[in-house]
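Asks: One structure, pasted below without further comment.
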Amino acid sequence: MARTPADHYATLGVPPGATLAEIKAAYRALVKRHHPDAGGDQCTILALNAAWEVLRDRDRRRHYDHGAGLGVVAPPRPGGHGSGPGRGAGAASDEELLGWLQQVYVPIDRLIGQVINPFPAQLRSLAADPYDDDLMEAFCSFLEQSRSRMEKVEALYRSRACPAVARGFGLSLYHCLSQVQDALVELERYTMGYVDSYLHDGKEMLREARQRRSRLKEERRRLAL
């Protein structure tokens with residue numbers, strides 16, 4: 001049975017006229033609910049990720065809405081040699097993946113590392129006296145710099161769609177950066193009220209993000225071209 005342009009919208013539970021912010025919020029809530037790490041279903045995650053990859057990109061969404069394609073494969077680039085598959089199809093796919101890894105994954109990984117790696121030392125410094133104004137100011141400055149880095153991370157992640165052959169890798173990367181962002185929110189809440197549960201949750205989220213980052217590095221080696 002033919003798929004309709006509304007399928008991706010239905011997958012995310014949003015109307016066809018939804019804004020990007022609404023689509024992002026729906027996607028993020030659903031992947032958290034259905035991710036295998038939380039006991040969810042891998043097939044559901046794949047469907048959610050496929051919908052997000054199309055609807056997050058303005059051009060791919062436009063093609064999808066107008067029935068010019070379902071967003072699974074990007075439209076042919078100008079200058080191509082014919083419309084059918086050619087001998088260079090595999091090489092083009094490899095080139096696309098390599099470009100995404102170099103231009104998206106590598107700088108994201110570097111920025112995430114600049115948040116995760118210094119955190120233990122920053123926390124140890126604050127732990128000497130959390131009520132010391134200078135120590136707290138230094139910790140808050142670290143959080144502010146980290147938020148700035150994560151804004152760059154999110155922009156990089158949105159800048160170029162993950163190739164279909166690495167969709168699972170791209171999803172794992174998204175979860176890693178989401179955990180770091182959520183951790184920063186919890187840590188900021190701690191600085192405003194000294195509620196230990198916020199500090200504990202933030203520490204745990206960053207610990208899990210560190211583990212995810214390590215697994216991503218291992219998976220990156222398996223994606224080596």
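Every chain in the structure tokens has a letter given in the order shown (A, B, ...), and although residue numbers restart at 1 in each chain, ligands are simply numbered from 1 in the order shown.
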Name all residues at most 12 Å from region 198-210 of chain A (count only C-alpha atoms; drop same-chain ones fewer than 5 positions away) and give them as a PyMOL selection string.
Replies: chain A and resi 37+109+112-120+122-124+126-127+130+143+172-193+215-217
Asks: Give me the residues near Lys24 (chain A) as a list in words, where near means some atom within 9 Å (using only C-alpha atoms) and where sequence neighbours in that chain fewer than 4 positions away do not count.
Replies: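 Once the adjacent positions are removed, what remains is Thr19, Leu20, Arg28, Ala29, Trp52 and Arg56 of chain A.
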Asks: Could you pull the residues within 9 Å of Glu154 (chain A), counting only C-alpha atoms, minus those fewer than 3 positions along the same chain, as an MDAnalysis selection string?
Replies: chainID A and resid 108 149:151 157:159 174 177
Asks: For the atom pair CA of Ala121 (chain A) and CA of Asp196 (chain A), what is the interatomic distance in Å to one decimal place?
Replies: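 CA of Ala121 (chain A) sits 18.2 Å away from CA of Asp196 (chain A).
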Asks: Tell me which protein, DNA and RNA residues are within 12 Å of Thr44 (chain A), counting only C-alpha atoms, leaving out same-chain ones fewer than 5 positions away, and put them as a list in words.
Replies: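 Near Thr44 (chain A), the qualifying residues are Thr11, Leu12, Tyr27, Leu30, Val31, Lys32, Arg33, His34, His35, Pro36, Gly39, Asn49, Ala50 and Ala51 of chain A.
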Asks: Measure the distance from CA of Leu156 (chain A) to CA of Leu97 (chain A) in Å and round it to one decimal.
Replies: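 That distance, rounded to one decimal, is 15.2 Å.
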Asks: Taking only C-alpha atoms into account, name the residue in A:Leu98, A:Gln145, A:Arg160, A:Ser197 that is nearest to Leu223 (chain A).
Replies: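 Closest residue, counting only C-alpha atoms: A:Leu98.
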Asks: Pick out the closest residue to Ala161 (chain A) from this set: A:Cys140, A:Val106, A:Val54, A:Ile23. Count only C-alpha atoms.
Replies: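 Smallest distance to Ala161 (chain A) is found for A:Val54.
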Asks: Please report the interatomic distance between CA of Tyr194 (chain A) and CA of Ser148 (chain A) in Å with one decimal.
Replies: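 That distance, rounded to one decimal, is 22.9 Å.
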